[in-house]
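K.L.:
What follows is a structure written as structure tokens; I'll ask about it next.
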Amino acid sequence: MSDPATKTTLDPVLLLGEIAEIGGDAARGAWVARQLRAQGLQAQTDELGNVWAGQGSSLLVAHIDTVLSPTHLRKEQNRWYGPAVGDNSSGVAVLMALASELVNLGCTVAFNVGEEGLGNLRGARQLVKHLRPRQMIAVDGYLPGIVSRSAGSYRMRACFMGPGGHAWGDREAPSPVPALGQALAQMYALERTSDTSLNVGRLWGGKAINAIPQEVGFELDLRALEASVLGQKVSQVREILMEAARRFNVRLEVEVLGERPAGSTATPAMLEAARKALGEVGLEAQFTAGSTDASAGVEAGIPAITLSVYRGGGAHTPEEWVEPESLRQGVQALRSFMRQLAQA
């Protein structure tokens, strides 16, 4: 692979100024398709809302879905502020800036849904299954990070249920609240290392202060770098939940919301290409573990890695920010990475 004679790189900062103010997967996907066609590429879509161009052995992805809905950007000096301006509007802008060049080099560029929230990697998994790439590169995250290892995750929803009733008149009836309280306390008391995490992100239940709740529940995110450790934690949590339901004589329902694999398929060539690419733009690569679209490649057993392409902070908050000029640095790093990888 060599650089094409004529590059048609677009300005990622201008692209960011557009995509970062568009909300909703459908609207963002439509913008992506228009941009690809404007570069002379054939935009393809699927029933999930993924949009891609090209048909090559290397699949580069940037997710278009967001945690918070984008709003009007606030531009101050060297920073732009707005929900989702970084994650992953900036990744989309950088990949789009190089779309034509990468397709001409024999790559597939894709803009997928289903990375955030309860998306469970559905977009990336579908692309891997349908396009069958030989390697996968996710474009996402803060410079100079390189996600070279997939952190496994297990997400569940648990509900404790009882008959409910009046706070005074039915005071002898079993309540699901103490079951929830015991379960939460025991889960957070589980021994965890720095390579694991446990987070209850949502809680709910009850209708009135003077009514015994019929249902209380929570949503849980468990993560670990090793699949065996993750499996052990899942088993421990399930035992805690069943014991709490038994002790307080209430019913328990558990629903699995999503699973992501643990492990690494990044090749030595990928790691070296990433190191050299960031070195060319004056940065020292920081190899980390995380959960990104590249996990779909890990799951499929193909070489996969995540390359960061911007500087910023405050991800998943209304005050998320990026340094727009850093996206130009990200374009250089991504181009260099693909060149280094091709020469390996």
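For the structure tokens, the naming scheme is as follows: chains receive sequential letters (A, B, ...) according to their order of presentation, residues are indexed from 1 within each chain, and ligands are indexed from 1 in presentation order.
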List the neighbours of A:Glu280 out to 9 Å using only C-alpha atoms; skip same-chain residues closer than 6 positions along the sequence, and give me the result as a PyMOL selection string.

P.N.:
chain A and resi 332-333+336

K.L.:
Please report, as a VMD selection string, each residue of stretch 156-296 of chain A to which DSSP assigns alpha helix (DSSP H) when run on this structure's backbone.

P.N.:
chain A and resid 177 to 188 227 to 247 268 to 280 294 to 296

K.L.:
Neighbouring residues of stretch 218-231 of chain A were defined as those with any atom within 10 Å, considering only C-alpha atoms; residues of the same chain fewer than 6 positions away were excluded. Please report them as a PyMOL selection string.

P.N.:
chain A and resi 149-160+180+184+192-205+237+254-264+289-291

K.L.:
Tell me which of A:Gly56, A:Leu15, A:Leu334, A:Met161 sits closest to A:Gln35, counting only C-alpha atoms.

P.N.:
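Answer, going by the shortest atom-to-atom distance: A:Leu15.
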
K.L.:
For the structure I just gave you, how does DSSP split stretch 105-211 of chain A - specifically, which residues are strand (DSSP E or B)? Reply as a PyMOL selection string.

P.N.:
chain A and resi 107-112+135-139+142+145-150+152-161+165-166+196-205+211

K.L.:
A:Ser100, A:Ile19, A:Ala124, A:His316: which is nearest A:Ala300, counting only C-alpha atoms?

P.N.:
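The closest residue to A:Ala300 is A:Ala124.
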
K.L.:
Skipping near chain neighbours, those fewer than 3 positions away, what residues fall within 12 Å of A:Asp46 using only C-alpha atoms, listed as a PDB file with N, CA and C atoms, in the first residue's frame?

P.N.:
```pdb
ATOM      1  N   ALA A  26     -30.262   8.594  13.065  1.00  0.00           N
ATOM      2  CA  ALA A  26     -30.738   8.676  11.686  1.00  0.00           C
ATOM      3  C   ALA A  26     -30.217   9.934  11.005  1.00  0.00           C
ATOM      4  N   GLY A  29     -26.469   9.629  10.529  1.00  0.00           N
ATOM      5  CA  GLY A  29     -26.183   8.698   9.450  1.00  0.00           C
ATOM      6  C   GLY A  29     -26.444   9.301   8.084  1.00  0.00           C
ATOM      7  N   ALA A  33     -23.770   9.783   4.990  1.00  0.00           N
ATOM      8  CA  ALA A  33     -24.006   9.326   3.616  1.00  0.00           C
ATOM      9  C   ALA A  33     -23.817  10.463   2.619  1.00  0.00           C
ATOM     10  N   ALA A  43     -22.183   5.299  -0.885  1.00  0.00           N
ATOM     11  CA  ALA A  43     -22.571   5.081   0.501  1.00  0.00           C
ATOM     12  C   ALA A  43     -23.540   3.914   0.595  1.00  0.00           C
ATOM     13  N   GLY A  49     -28.693   1.048  10.601  1.00  0.00           N
ATOM     14  CA  GLY A  49     -28.307   2.445  10.491  1.00  0.00           C
ATOM     15  C   GLY A  49     -26.821   2.645  10.278  1.00  0.00           C
ATOM     16  N   ASN A  50     -26.057   1.547  10.137  1.00  0.00           N
ATOM     17  CA  ASN A  50     -24.644   1.669   9.778  1.00  0.00           C
ATOM     18  C   ASN A  50     -24.525   2.246   8.371  1.00  0.00           C
ATOM     19  N   VAL A  51     -23.469   3.029   8.145  1.00  0.00           N
ATOM     20  CA  VAL A  51     -23.195   3.589   6.823  1.00  0.00           C
ATOM     21  C   VAL A  51     -21.720   3.340   6.518  1.00  0.00           C
ATOM     22  N   TRP A  52     -21.427   2.858   5.302  1.00  0.00           N
ATOM     23  CA  TRP A  52     -20.035   2.588   4.961  1.00  0.00           C
ATOM     24  C   TRP A  52     -19.789   2.757   3.475  1.00  0.00           C
ATOM     25  N   ALA A  53     -18.497   2.807   3.142  1.00  0.00           N
ATOM     26  CA  ALA A  53     -18.066   2.901   1.745  1.00  0.00           C
ATOM     27  C   ALA A  53     -16.814   2.062   1.574  1.00  0.00           C
ATOM     28  N   ALA A 110     -16.331   2.886   7.784  1.00  0.00           N
ATOM     29  CA  ALA A 110     -17.698   2.662   8.250  1.00  0.00           C
ATOM     30  C   ALA A 110     -18.014   3.558   9.441  1.00  0.00           C
ATOM     31  N   PHE A 111     -19.271   3.946   9.512  1.00  0.00           N
ATOM     32  CA  PHE A 111     -19.764   4.807  10.581  1.00  0.00           C
ATOM     33  C   PHE A 111     -20.962   4.078  11.189  1.00  0.00           C
ATOM     34  N   ASN A 112     -20.774   3.578  12.387  1.00  0.00           N
ATOM     35  CA  ASN A 112     -21.699   2.606  12.948  1.00  0.00           C
ATOM     36  C   ASN A 112     -22.507   3.133  14.124  1.00  0.00           C
ATOM     37  N   VAL A 113     -23.576   2.428  14.396  1.00  0.00           N
ATOM     38  CA  VAL A 113     -24.425   2.708  15.549  1.00  0.00           C
ATOM     39  C   VAL A 113     -24.117   1.675  16.631  1.00  0.00           C
ATOM     40  N   ARG A 122     -23.898  -3.617  18.609  1.00  0.00           N
ATOM     41  CA  ARG A 122     -24.675  -4.243  17.543  1.00  0.00           C
ATOM     42  C   ARG A 122     -24.252  -3.761  16.156  1.00  0.00           C
ATOM     43  N   GLY A 123     -23.887  -2.474  16.040  1.00  0.00           N
ATOM     44  CA  GLY A 123     -23.469  -1.968  14.740  1.00  0.00           C
ATOM     45  C   GLY A 123     -22.148  -2.551  14.290  1.00  0.00           C
ATOM     46  N   ALA A 124     -21.153  -2.519  15.171  1.00  0.00           N
ATOM     47  CA  ALA A 124     -19.833  -3.052  14.831  1.00  0.00           C
ATOM     48  C   ALA A 124     -19.889  -4.558  14.599  1.00  0.00           C
ATOM     49  N   GLN A 126     -22.398  -6.260  13.474  1.00  0.00           N
ATOM     50  CA  GLN A 126     -23.026  -6.504  12.181  1.00  0.00           C
ATOM     51  C   GLN A 126     -22.050  -6.251  11.043  1.00  0.00           C
ATOM     52  N   LEU A 127     -21.264  -5.178  11.148  1.00  0.00           N
ATOM     53  CA  LEU A 127     -20.296  -4.866  10.100  1.00  0.00           C
ATOM     54  C   LEU A 127     -19.256  -5.968   9.972  1.00  0.00           C
ATOM     55  N   HIS A 130     -20.949  -8.987   8.356  1.00  0.00           N
ATOM     56  CA  HIS A 130     -21.353  -8.792   6.961  1.00  0.00           C
ATOM     57  C   HIS A 130     -20.162  -8.564   6.031  1.00  0.00           C
ATOM     58  N   LEU A 131     -19.199  -7.741   6.474  1.00  0.00           N
ATOM     59  CA  LEU A 131     -18.087  -7.361   5.602  1.00  0.00           C
ATOM     60  C   LEU A 131     -16.903  -8.317   5.689  1.00  0.00           C
TER      61      LEU A 131
END
```

K.L.:
Using only C-alpha atoms, which residue out of A:Leu10, A:Leu283, A:Val109, A:Met136 lies closest to A:Gln39?

P.N.:
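Closest to A:Gln39 of all the choices is A:Leu10.
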
K.L.:
Using only C-alpha atoms, which residues sit within 9 Å of A:Ala93 once same-chain residues fewer than 2 positions away are excluded, as a VMD selection string?

P.N.:
chain A and resid 11 to 20 62 88 to 91 95 to 98 327

K.L.:
Which is closest to A:Gln329 among A:Pro303, A:Gly169, A:Pro213, A:Pro144, if we use only C-alpha atoms?

P.N.:
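Once distances to A:Gln329 are computed over only C-alpha atoms, the minimum belongs to A:Pro144.
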
K.L.:
Within 8 Å of A:Ile137, counting only C-alpha atoms, which residues qualify if same-chain residues fewer than 4 places away don't, as a list in words?

P.N.:
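Surrounding residues, per the criterion: Ser58, Leu59, Leu60, Val61, Ala294, Ala304, Ile305, Thr306 and Leu307 of chain A.
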
K.L.:
I'd like to know which of A:Gly106, A:Pro163, A:Gly40, A:Gly141 is closest to A:Thr288, using only C-alpha atoms.

P.N.:
A:Gly141

K.L.:
Find the spatial neighbours of A:Asn249, counting only C-alpha atoms, within a cut-off of 9 Å - ignore same-chain residues fewer than 2 positions away - and output them as a list of chain:residue names.

P.N.:
A:Gly162, A:Pro174, A:Ser175, A:Pro176, A:Ala179, A:Ala244, A:Ala245, A:Arg246, A:Arg247, A:Arg251

K.L.:
Using only C-alpha atoms for the distances, tell me which of A:Met187, A:Ala315, A:Leu143, A:Ala138 is nearest to A:Ala266.

P.N.:
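Looking at the shortest contact to A:Ala266, the residue is A:Ala138.
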
K.L.:
What separation in Å, quoted to one decimal, exists between atom CA of A:Leu278 and atom CA of A:Arg79?

P.N.:
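Answer for the atom CA of A:Leu278 to atom CA of A:Arg79 separation: 21.6 Å.
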